[in-house]
Amino acid sequence: CRPLPPHRRSCERGGAMAADAGAMRERGEAAPPAAPDAPRSTSSAMPDLSSPSVPCLRARVHQHLSVEDCARIPLDAIGFRPLRATDYEEVVALHTEWFPVSYDEGFYAKSTQGEIFTIVATYAGPAQQASGSSCSGRDEHLLGILTMSTACDLHSEDIAHVLGGDCETLCAKDAGDGTCTGCLAYILTLGVIDGFRRRGLAKELLRRTIMHVDEGMPHVQA
């Protein structure tokens, strides 16, 4: 699992979680409470997996798919699509499980509203896939997520090391509104649920992201 670097994270975990909870309440929904004996995260991003602060697995996918269930799902049964607004709560729950940091509501809003590039691996179950019907929202299980941005405020400190120049020189700016078309693609987060780790799913998310950049973002140099 890959989190944002420290200087780009939300500084106050409590404040970010309160904002997320407030957004959920406004929509009349809440993340399901974790059972007292719920398993805890095994994400490699956690600095100490023996710590009592390691979060429980609260995402809805764990209520439907065990690690054993995941082992029986072939990779060719997995679908890929961008995140949707209906994925918001599940994305919050999964990021909380995967990373020992907090992301503010703005990150989740941009991710689920199409303001940054996202790709999610989903599994709809054998019945839905066999019938050829397209499932959405909670009918699908989210298995892995990658978020990526070319915004200059994310890569401005790294671009000189990667491309040998600064944003002012390398990134194209629109003369009309001053918006910047960044030339460096920055992976914000990449995570996969326990049952699909070490099976090539993260690699496939990366491959599809690189293909998207190569085919649709010619201004990106790295």
# chains A, B, ... in the order shown; residues from 1 in each chain; ligands from 1
$ residues_around --residues "A:Phe80" --least-positions-apart "6" --cutoff "10 Å" --atoms "only C-alpha atoms" --output "list in words"
Ile119, Val120, Ala121, Thr122, Tyr123, Leu142, Leu143, Gly144, Ile145, Glu204, Leu205 and Arg208 of chain A
$ write_last_selection --atoms "N, CA and C atoms" --output "PDB file, in the first residue's frame"
ATOM      1  N   ILE A 119      -8.651   4.578 -10.444  1.00  0.00           N
ATOM      2  CA  ILE A 119      -9.072   3.303 -11.012  1.00  0.00           C
ATOM      3  C   ILE A 119      -9.275   2.344  -9.844  1.00  0.00           C
ATOM      4  N   VAL A 120     -10.397   1.634  -9.881  1.00  0.00           N
ATOM      5  CA  VAL A 120     -10.731   0.712  -8.805  1.00  0.00           C
ATOM      6  C   VAL A 120     -10.983  -0.672  -9.390  1.00  0.00           C
ATOM      7  N   ALA A 121     -10.478  -1.692  -8.696  1.00  0.00           N
ATOM      8  CA  ALA A 121     -10.740  -3.079  -9.078  1.00  0.00           C
ATOM      9  C   ALA A 121     -11.983  -3.548  -8.332  1.00  0.00           C
ATOM     10  N   THR A 122     -12.940  -4.123  -9.056  1.00  0.00           N
ATOM     11  CA  THR A 122     -14.207  -4.524  -8.444  1.00  0.00           C
ATOM     12  C   THR A 122     -14.539  -5.977  -8.758  1.00  0.00           C
ATOM     13  N   TYR A 123     -15.340  -6.554  -7.872  1.00  0.00           N
ATOM     14  CA  TYR A 123     -15.868  -7.902  -8.102  1.00  0.00           C
ATOM     15  C   TYR A 123     -17.359  -7.867  -7.824  1.00  0.00           C
ATOM     16  N   LEU A 142     -15.298  -3.499  -3.670  1.00  0.00           N
ATOM     17  CA  LEU A 142     -14.065  -2.823  -4.049  1.00  0.00           C
ATOM     18  C   LEU A 142     -12.873  -3.612  -3.502  1.00  0.00           C
ATOM     19  N   LEU A 143     -11.981  -4.003  -4.389  1.00  0.00           N
ATOM     20  CA  LEU A 143     -10.850  -4.860  -4.016  1.00  0.00           C
ATOM     21  C   LEU A 143      -9.526  -4.107  -3.966  1.00  0.00           C
ATOM     22  N   GLY A 144      -9.398  -3.082  -4.782  1.00  0.00           N
ATOM     23  CA  GLY A 144      -8.152  -2.317  -4.840  1.00  0.00           C
ATOM     24  C   GLY A 144      -8.409  -0.959  -5.448  1.00  0.00           C
ATOM     25  N   ILE A 145      -7.629   0.032  -5.040  1.00  0.00           N
ATOM     26  CA  ILE A 145      -7.826   1.408  -5.507  1.00  0.00           C
ATOM     27  C   ILE A 145      -6.475   2.052  -5.778  1.00  0.00           C
ATOM     28  N   GLU A 204      -1.529  -4.758 -11.805  1.00  0.00           N
ATOM     29  CA  GLU A 204      -2.488  -4.517 -12.883  1.00  0.00           C
ATOM     30  C   GLU A 204      -3.074  -3.104 -12.791  1.00  0.00           C
ATOM     31  N   LEU A 205      -3.331  -2.635 -11.579  1.00  0.00           N
ATOM     32  CA  LEU A 205      -3.802  -1.257 -11.419  1.00  0.00           C
ATOM     33  C   LEU A 205      -2.755  -0.270 -11.938  1.00  0.00           C
ATOM     34  N   ARG A 208      -2.624  -0.408 -15.871  1.00  0.00           N
ATOM     35  CA  ARG A 208      -3.727   0.297 -16.505  1.00  0.00           C
ATOM     36  C   ARG A 208      -3.584   1.811 -16.359  1.00  0.00           C
TER      37      ARG A 208
END
$ residues_around --residues "A:Gln113" --least-positions-apart "3" --cutoff "12 Å" --atoms "only C-alpha atoms" --output "list in words"
Pro82, Leu83, Arg84, Ala85, Thr86, Asp87, Tyr88, Glu105, Gly106, Phe107, Tyr108, Ala109, Lys110, Ile116, Phe117 and Thr118 of chain A
$ write_last_selection --atoms "N, CA and C atoms" --output "PDB file, in the first residue's frame"
ATOM      1  N   PRO A  82     -13.457   3.830 -12.938  1.00  0.00           N
ATOM      2  CA  PRO A  82     -13.135   4.933 -12.033  1.00  0.00           C
ATOM      3  C   PRO A  82     -14.011   4.868 -10.786  1.00  0.00           C
ATOM      4  N   LEU A  83     -13.590   5.550  -9.741  1.00  0.00           N
ATOM      5  CA  LEU A  83     -14.418   5.663  -8.552  1.00  0.00           C
ATOM      6  C   LEU A  83     -15.657   6.500  -8.845  1.00  0.00           C
ATOM      7  N   ARG A  84     -16.737   6.231  -8.087  1.00  0.00           N
ATOM      8  CA  ARG A  84     -17.991   6.958  -8.217  1.00  0.00           C
ATOM      9  C   ARG A  84     -18.346   7.596  -6.879  1.00  0.00           C
ATOM     10  N   ALA A  85     -19.290   8.516  -6.924  1.00  0.00           N
ATOM     11  CA  ALA A  85     -19.740   9.179  -5.695  1.00  0.00           C
ATOM     12  C   ALA A  85     -20.285   8.168  -4.689  1.00  0.00           C
ATOM     13  N   THR A  86     -20.920   7.113  -5.186  1.00  0.00           N
ATOM     14  CA  THR A  86     -21.506   6.105  -4.300  1.00  0.00           C
ATOM     15  C   THR A  86     -20.440   5.264  -3.582  1.00  0.00           C
ATOM     16  N   ASP A  87     -19.190   5.387  -3.985  1.00  0.00           N
ATOM     17  CA  ASP A  87     -18.105   4.633  -3.356  1.00  0.00           C
ATOM     18  C   ASP A  87     -17.523   5.360  -2.141  1.00  0.00           C
ATOM     19  N   TYR A  88     -17.979   6.552  -1.864  1.00  0.00           N
ATOM     20  CA  TYR A  88     -17.324   7.432  -0.890  1.00  0.00           C
ATOM     21  C   TYR A  88     -17.018   6.735   0.438  1.00  0.00           C
ATOM     22  N   GLU A 105     -11.427  15.451   3.752  1.00  0.00           N
ATOM     23  CA  GLU A 105     -12.617  15.225   2.941  1.00  0.00           C
ATOM     24  C   GLU A 105     -12.400  15.661   1.501  1.00  0.00           C
ATOM     25  N   GLY A 106     -11.550  16.680   1.302  1.00  0.00           N
ATOM     26  CA  GLY A 106     -11.281  17.149  -0.054  1.00  0.00           C
ATOM     27  C   GLY A 106     -10.685  16.066  -0.934  1.00  0.00           C
ATOM     28  N   PHE A 107      -9.777  15.268  -0.366  1.00  0.00           N
ATOM     29  CA  PHE A 107      -9.172  14.182  -1.134  1.00  0.00           C
ATOM     30  C   PHE A 107     -10.225  13.167  -1.552  1.00  0.00           C
ATOM     31  N   TYR A 108     -11.088  12.773  -0.601  1.00  0.00           N
ATOM     32  CA  TYR A 108     -12.110  11.785  -0.919  1.00  0.00           C
ATOM     33  C   TYR A 108     -13.131  12.339  -1.906  1.00  0.00           C
ATOM     34  N   ALA A 109     -13.473  13.605  -1.757  1.00  0.00           N
ATOM     35  CA  ALA A 109     -14.436  14.215  -2.675  1.00  0.00           C
ATOM     36  C   ALA A 109     -13.873  14.262  -4.094  1.00  0.00           C
ATOM     37  N   LYS A 110     -12.629  14.689  -4.236  1.00  0.00           N
ATOM     38  CA  LYS A 110     -12.011  14.748  -5.566  1.00  0.00           C
ATOM     39  C   LYS A 110     -11.886  13.353  -6.170  1.00  0.00           C
ATOM     40  N   ILE A 116      -9.723  13.877  -9.893  1.00  0.00           N
ATOM     41  CA  ILE A 116      -8.400  13.312 -10.103  1.00  0.00           C
ATOM     42  C   ILE A 116      -8.586  11.927 -10.717  1.00  0.00           C
ATOM     43  N   PHE A 117      -7.529  11.406 -11.322  1.00  0.00           N
ATOM     44  CA  PHE A 117      -7.624  10.083 -11.944  1.00  0.00           C
ATOM     45  C   PHE A 117      -7.705   9.004 -10.872  1.00  0.00           C
ATOM     46  N   THR A 118      -8.641   8.096 -11.044  1.00  0.00           N
ATOM     47  CA  THR A 118      -8.755   6.951 -10.135  1.00  0.00           C
ATOM     48  C   THR A 118      -9.083   5.708 -10.947  1.00  0.00           C
TER      49      THR A 118
END
$ atom_distance --atom1 "atom CA of A:Ala77" --atom2 "atom CA of A:Gly125"
8.4 Å
$ atom_distance --atom1 "atom CA of A:Ser149" --atom2 "atom CA of A:Ile210"
12.3 Å
$ closest_residue --among "A:Arg40, A:Arg199, A:Arg58, A:His64" --to "A:Asp139" --atoms "only C-alpha atoms"
A:His64
$ closest_residue --among "A:Pro100, A:Asp214, A:Gly195, A:Val91" --to "A:Arg72" --atoms "only C-alpha atoms"
A:Gly195
$ decode --residues "stretch 63-96 of chain A" --atoms "N, CA, C and O atoms" --output "PDB file, in the first residue's frame"
ATOM      1  N   GLN A  63     -17.346  -7.914   4.908  1.00  0.00           N
ATOM      2  CA  GLN A  63     -18.560  -8.587   5.368  1.00  0.00           C
ATOM      3  C   GLN A  63     -19.053  -9.618   4.359  1.00  0.00           C
ATOM      4  O   GLN A  63     -19.862 -10.474   4.680  1.00  0.00           O
ATOM      5  N   HIS A  64     -18.561  -9.516   3.143  1.00  0.00           N
ATOM      6  CA  HIS A  64     -19.036 -10.395   2.061  1.00  0.00           C
ATOM      7  C   HIS A  64     -17.969 -11.345   1.533  1.00  0.00           C
ATOM      8  O   HIS A  64     -18.304 -12.419   1.022  1.00  0.00           O
ATOM      9  N   LEU A  65     -16.707 -10.947   1.624  1.00  0.00           N
ATOM     10  CA  LEU A  65     -15.637 -11.770   1.064  1.00  0.00           C
ATOM     11  C   LEU A  65     -14.560 -12.022   2.116  1.00  0.00           C
ATOM     12  O   LEU A  65     -13.931 -11.078   2.598  1.00  0.00           O
ATOM     13  N   SER A  66     -14.342 -13.264   2.459  1.00  0.00           N
ATOM     14  CA  SER A  66     -13.242 -13.624   3.351  1.00  0.00           C
ATOM     15  C   SER A  66     -11.966 -13.772   2.516  1.00  0.00           C
ATOM     16  O   SER A  66     -12.003 -13.766   1.272  1.00  0.00           O
ATOM     17  N   VAL A  67     -10.838 -13.926   3.193  1.00  0.00           N
ATOM     18  CA  VAL A  67      -9.581 -14.161   2.479  1.00  0.00           C
ATOM     19  C   VAL A  67      -9.683 -15.435   1.653  1.00  0.00           C
ATOM     20  O   VAL A  67      -9.182 -15.511   0.522  1.00  0.00           O
ATOM     21  N   GLU A  68     -10.370 -16.443   2.205  1.00  0.00           N
ATOM     22  CA  GLU A  68     -10.553 -17.705   1.475  1.00  0.00           C
ATOM     23  C   GLU A  68     -11.426 -17.499   0.241  1.00  0.00           C
ATOM     24  O   GLU A  68     -11.161 -18.077  -0.829  1.00  0.00           O
ATOM     25  N   ASP A  69     -12.476 -16.689   0.362  1.00  0.00           N
ATOM     26  CA  ASP A  69     -13.319 -16.379  -0.797  1.00  0.00           C
ATOM     27  C   ASP A  69     -12.491 -15.705  -1.891  1.00  0.00           C
ATOM     28  O   ASP A  69     -12.616 -16.035  -3.073  1.00  0.00           O
ATOM     29  N   CYS A  70     -11.657 -14.759  -1.484  1.00  0.00           N
ATOM     30  CA  CYS A  70     -10.837 -14.032  -2.453  1.00  0.00           C
ATOM     31  C   CYS A  70      -9.899 -14.976  -3.202  1.00  0.00           C
ATOM     32  O   CYS A  70      -9.665 -14.813  -4.408  1.00  0.00           O
ATOM     33  N   ALA A  71      -9.373 -15.963  -2.489  1.00  0.00           N
ATOM     34  CA  ALA A  71      -8.440 -16.903  -3.118  1.00  0.00           C
ATOM     35  C   ALA A  71      -9.104 -17.699  -4.226  1.00  0.00           C
ATOM     36  O   ALA A  71      -8.429 -18.179  -5.155  1.00  0.00           O
ATOM     37  N   ARG A  72     -10.435 -17.836  -4.175  1.00  0.00           N
ATOM     38  CA  ARG A  72     -11.159 -18.595  -5.198  1.00  0.00           C
ATOM     39  C   ARG A  72     -11.613 -17.729  -6.371  1.00  0.00           C
ATOM     40  O   ARG A  72     -12.157 -18.246  -7.342  1.00  0.00           O
ATOM     41  N   ILE A  73     -11.418 -16.434  -6.288  1.00  0.00           N
ATOM     42  CA  ILE A  73     -11.847 -15.534  -7.367  1.00  0.00           C
ATOM     43  C   ILE A  73     -10.702 -15.353  -8.353  1.00  0.00           C
ATOM     44  O   ILE A  73      -9.629 -14.859  -7.991  1.00  0.00           O
ATOM     45  N   PRO A  74     -10.875 -15.757  -9.609  1.00  0.00           N
ATOM     46  CA  PRO A  74      -9.802 -15.580 -10.593  1.00  0.00           C
ATOM     47  C   PRO A  74      -9.655 -14.114 -10.978  1.00  0.00           C
ATOM     48  O   PRO A  74     -10.619 -13.341 -10.928  1.00  0.00           O
ATOM     49  N   LEU A  75      -8.462 -13.729 -11.346  1.00  0.00           N
ATOM     50  CA  LEU A  75      -8.213 -12.336 -11.698  1.00  0.00           C
ATOM     51  C   LEU A  75      -9.015 -11.890 -12.918  1.00  0.00           C
ATOM     52  O   LEU A  75      -9.353 -10.713 -13.051  1.00  0.00           O
ATOM     53  N   ASP A  76      -9.351 -12.831 -13.802  1.00  0.00           N
ATOM     54  CA  ASP A  76     -10.114 -12.433 -14.987  1.00  0.00           C
ATOM     55  C   ASP A  76     -11.592 -12.180 -14.675  1.00  0.00           C
ATOM     56  O   ASP A  76     -12.366 -11.801 -15.547  1.00  0.00           O
ATOM     57  N   ALA A  77     -11.995 -12.395 -13.412  1.00  0.00           N
ATOM     58  CA  ALA A  77     -13.366 -12.077 -13.006  1.00  0.00           C
ATOM     59  C   ALA A  77     -13.476 -10.671 -12.422  1.00  0.00           C
ATOM     60  O   ALA A  77     -14.561 -10.236 -12.036  1.00  0.00           O
ATOM     61  N   ILE A  78     -12.357  -9.962 -12.375  1.00  0.00           N
ATOM     62  CA  ILE A  78     -12.319  -8.631 -11.769  1.00  0.00           C
ATOM     63  C   ILE A  78     -12.547  -7.563 -12.843  1.00  0.00           C
ATOM     64  O   ILE A  78     -12.004  -7.653 -13.950  1.00  0.00           O
ATOM     65  N   GLY A  79     -13.352  -6.577 -12.501  1.00  0.00           N
ATOM     66  CA  GLY A  79     -13.591  -5.449 -13.396  1.00  0.00           C
ATOM     67  C   GLY A  79     -12.826  -4.223 -12.932  1.00  0.00           C
ATOM     68  O   GLY A  79     -12.363  -4.151 -11.787  1.00  0.00           O
ATOM     69  N   PHE A  80     -12.696  -3.247 -13.826  1.00  0.00           N
ATOM     70  CA  PHE A  80     -11.970  -2.009 -13.508  1.00  0.00           C
ATOM     71  C   PHE A  80     -12.777  -0.814 -13.987  1.00  0.00           C
ATOM     72  O   PHE A  80     -13.356  -0.849 -15.077  1.00  0.00           O
ATOM     73  N   ARG A  81     -12.824   0.215 -13.185  1.00  0.00           N
ATOM     74  CA  ARG A  81     -13.558   1.435 -13.524  1.00  0.00           C
ATOM     75  C   ARG A  81     -13.058   2.579 -12.645  1.00  0.00           C
ATOM     76  O   ARG A  81     -12.342   2.344 -11.658  1.00  0.00           O
ATOM     77  N   PRO A  82     -13.457   3.830 -12.938  1.00  0.00           N
ATOM     78  CA  PRO A  82     -13.135   4.933 -12.033  1.00  0.00           C
ATOM     79  C   PRO A  82     -14.011   4.868 -10.786  1.00  0.00           C
ATOM     80  O   PRO A  82     -15.063   4.216 -10.777  1.00  0.00           O
ATOM     81  N   LEU A  83     -13.590   5.550  -9.741  1.00  0.00           N
ATOM     82  CA  LEU A  83     -14.418   5.663  -8.552  1.00  0.00           C
ATOM     83  C   LEU A  83     -15.657   6.500  -8.845  1.00  0.00           C
ATOM     84  O   LEU A  83     -15.650   7.353  -9.731  1.00  0.00           O
ATOM     85  N   ARG A  84     -16.737   6.231  -8.087  1.00  0.00           N
ATOM     86  CA  ARG A  84     -17.991   6.958  -8.217  1.00  0.00           C
ATOM     87  C   ARG A  84     -18.346   7.596  -6.879  1.00  0.00           C
ATOM     88  O   ARG A  84     -17.809   7.216  -5.832  1.00  0.00           O
ATOM     89  N   ALA A  85     -19.290   8.516  -6.924  1.00  0.00           N
ATOM     90  CA  ALA A  85     -19.740   9.179  -5.695  1.00  0.00           C
ATOM     91  C   ALA A  85     -20.285   8.168  -4.689  1.00  0.00           C
ATOM     92  O   ALA A  85     -20.119   8.328  -3.477  1.00  0.00           O
ATOM     93  N   THR A  86     -20.920   7.113  -5.186  1.00  0.00           N
ATOM     94  CA  THR A  86     -21.506   6.105  -4.300  1.00  0.00           C
ATOM     95  C   THR A  86     -20.440   5.264  -3.582  1.00  0.00           C
ATOM     96  O   THR A  86     -20.765   4.512  -2.659  1.00  0.00           O
ATOM     97  N   ASP A  87     -19.190   5.387  -3.985  1.00  0.00           N
ATOM     98  CA  ASP A  87     -18.105   4.633  -3.356  1.00  0.00           C
ATOM     99  C   ASP A  87     -17.523   5.360  -2.141  1.00  0.00           C
ATOM    100  O   ASP A  87     -16.644   4.816  -1.463  1.00  0.00           O
ATOM    101  N   TYR A  88     -17.979   6.552  -1.864  1.00  0.00           N
ATOM    102  CA  TYR A  88     -17.324   7.432  -0.890  1.00  0.00           C
ATOM    103  C   TYR A  88     -17.018   6.735   0.438  1.00  0.00           C
ATOM    104  O   TYR A  88     -15.872   6.686   0.880  1.00  0.00           O
ATOM    105  N   GLU A  89     -18.050   6.198   1.106  1.00  0.00           N
ATOM    106  CA  GLU A  89     -17.845   5.618   2.429  1.00  0.00           C
ATOM    107  C   GLU A  89     -16.892   4.421   2.398  1.00  0.00           C
ATOM    108  O   GLU A  89     -16.069   4.244   3.296  1.00  0.00           O
ATOM    109  N   GLU A  90     -16.993   3.606   1.362  1.00  0.00           N
ATOM    110  CA  GLU A  90     -16.107   2.441   1.261  1.00  0.00           C
ATOM    111  C   GLU A  90     -14.659   2.885   1.023  1.00  0.00           C
ATOM    112  O   GLU A  90     -13.725   2.279   1.568  1.00  0.00           O
ATOM    113  N   VAL A  91     -14.468   3.936   0.250  1.00  0.00           N
ATOM    114  CA  VAL A  91     -13.118   4.447   0.002  1.00  0.00           C
ATOM    115  C   VAL A  91     -12.508   4.966   1.304  1.00  0.00           C
ATOM    116  O   VAL A  91     -11.331   4.714   1.595  1.00  0.00           O
ATOM    117  N   VAL A  92     -13.297   5.677   2.105  1.00  0.00           N
ATOM    118  CA  VAL A  92     -12.823   6.157   3.400  1.00  0.00           C
ATOM    119  C   VAL A  92     -12.424   4.972   4.285  1.00  0.00           C
ATOM    120  O   VAL A  92     -11.349   4.961   4.905  1.00  0.00           O
ATOM    121  N   ALA A  93     -13.284   3.958   4.350  1.00  0.00           N
ATOM    122  CA  ALA A  93     -13.021   2.794   5.204  1.00  0.00           C
ATOM    123  C   ALA A  93     -11.759   2.061   4.765  1.00  0.00           C
ATOM    124  O   ALA A  93     -10.927   1.682   5.598  1.00  0.00           O
ATOM    125  N   LEU A  94     -11.588   1.869   3.471  1.00  0.00           N
ATOM    126  CA  LEU A  94     -10.415   1.142   2.975  1.00  0.00           C
ATOM    127  C   LEU A  94      -9.128   1.926   3.204  1.00  0.00           C
ATOM    128  O   LEU A  94      -8.108   1.362   3.608  1.00  0.00           O
ATOM    129  N   HIS A  95      -9.157   3.235   2.947  1.00  0.00           N
ATOM    130  CA  HIS A  95      -7.953   4.032   3.175  1.00  0.00           C
ATOM    131  C   HIS A  95      -7.582   4.056   4.665  1.00  0.00           C
ATOM    132  O   HIS A  95      -6.397   4.103   5.008  1.00  0.00           O
ATOM    133  N   THR A  96      -8.574   4.032   5.531  1.00  0.00           N
ATOM    134  CA  THR A  96      -8.301   3.989   6.968  1.00  0.00           C
ATOM    135  C   THR A  96      -7.625   2.676   7.346  1.00  0.00           C
ATOM    136  O   THR A  96      -6.740   2.638   8.204  1.00  0.00           O
TER     137      THR A  96
END
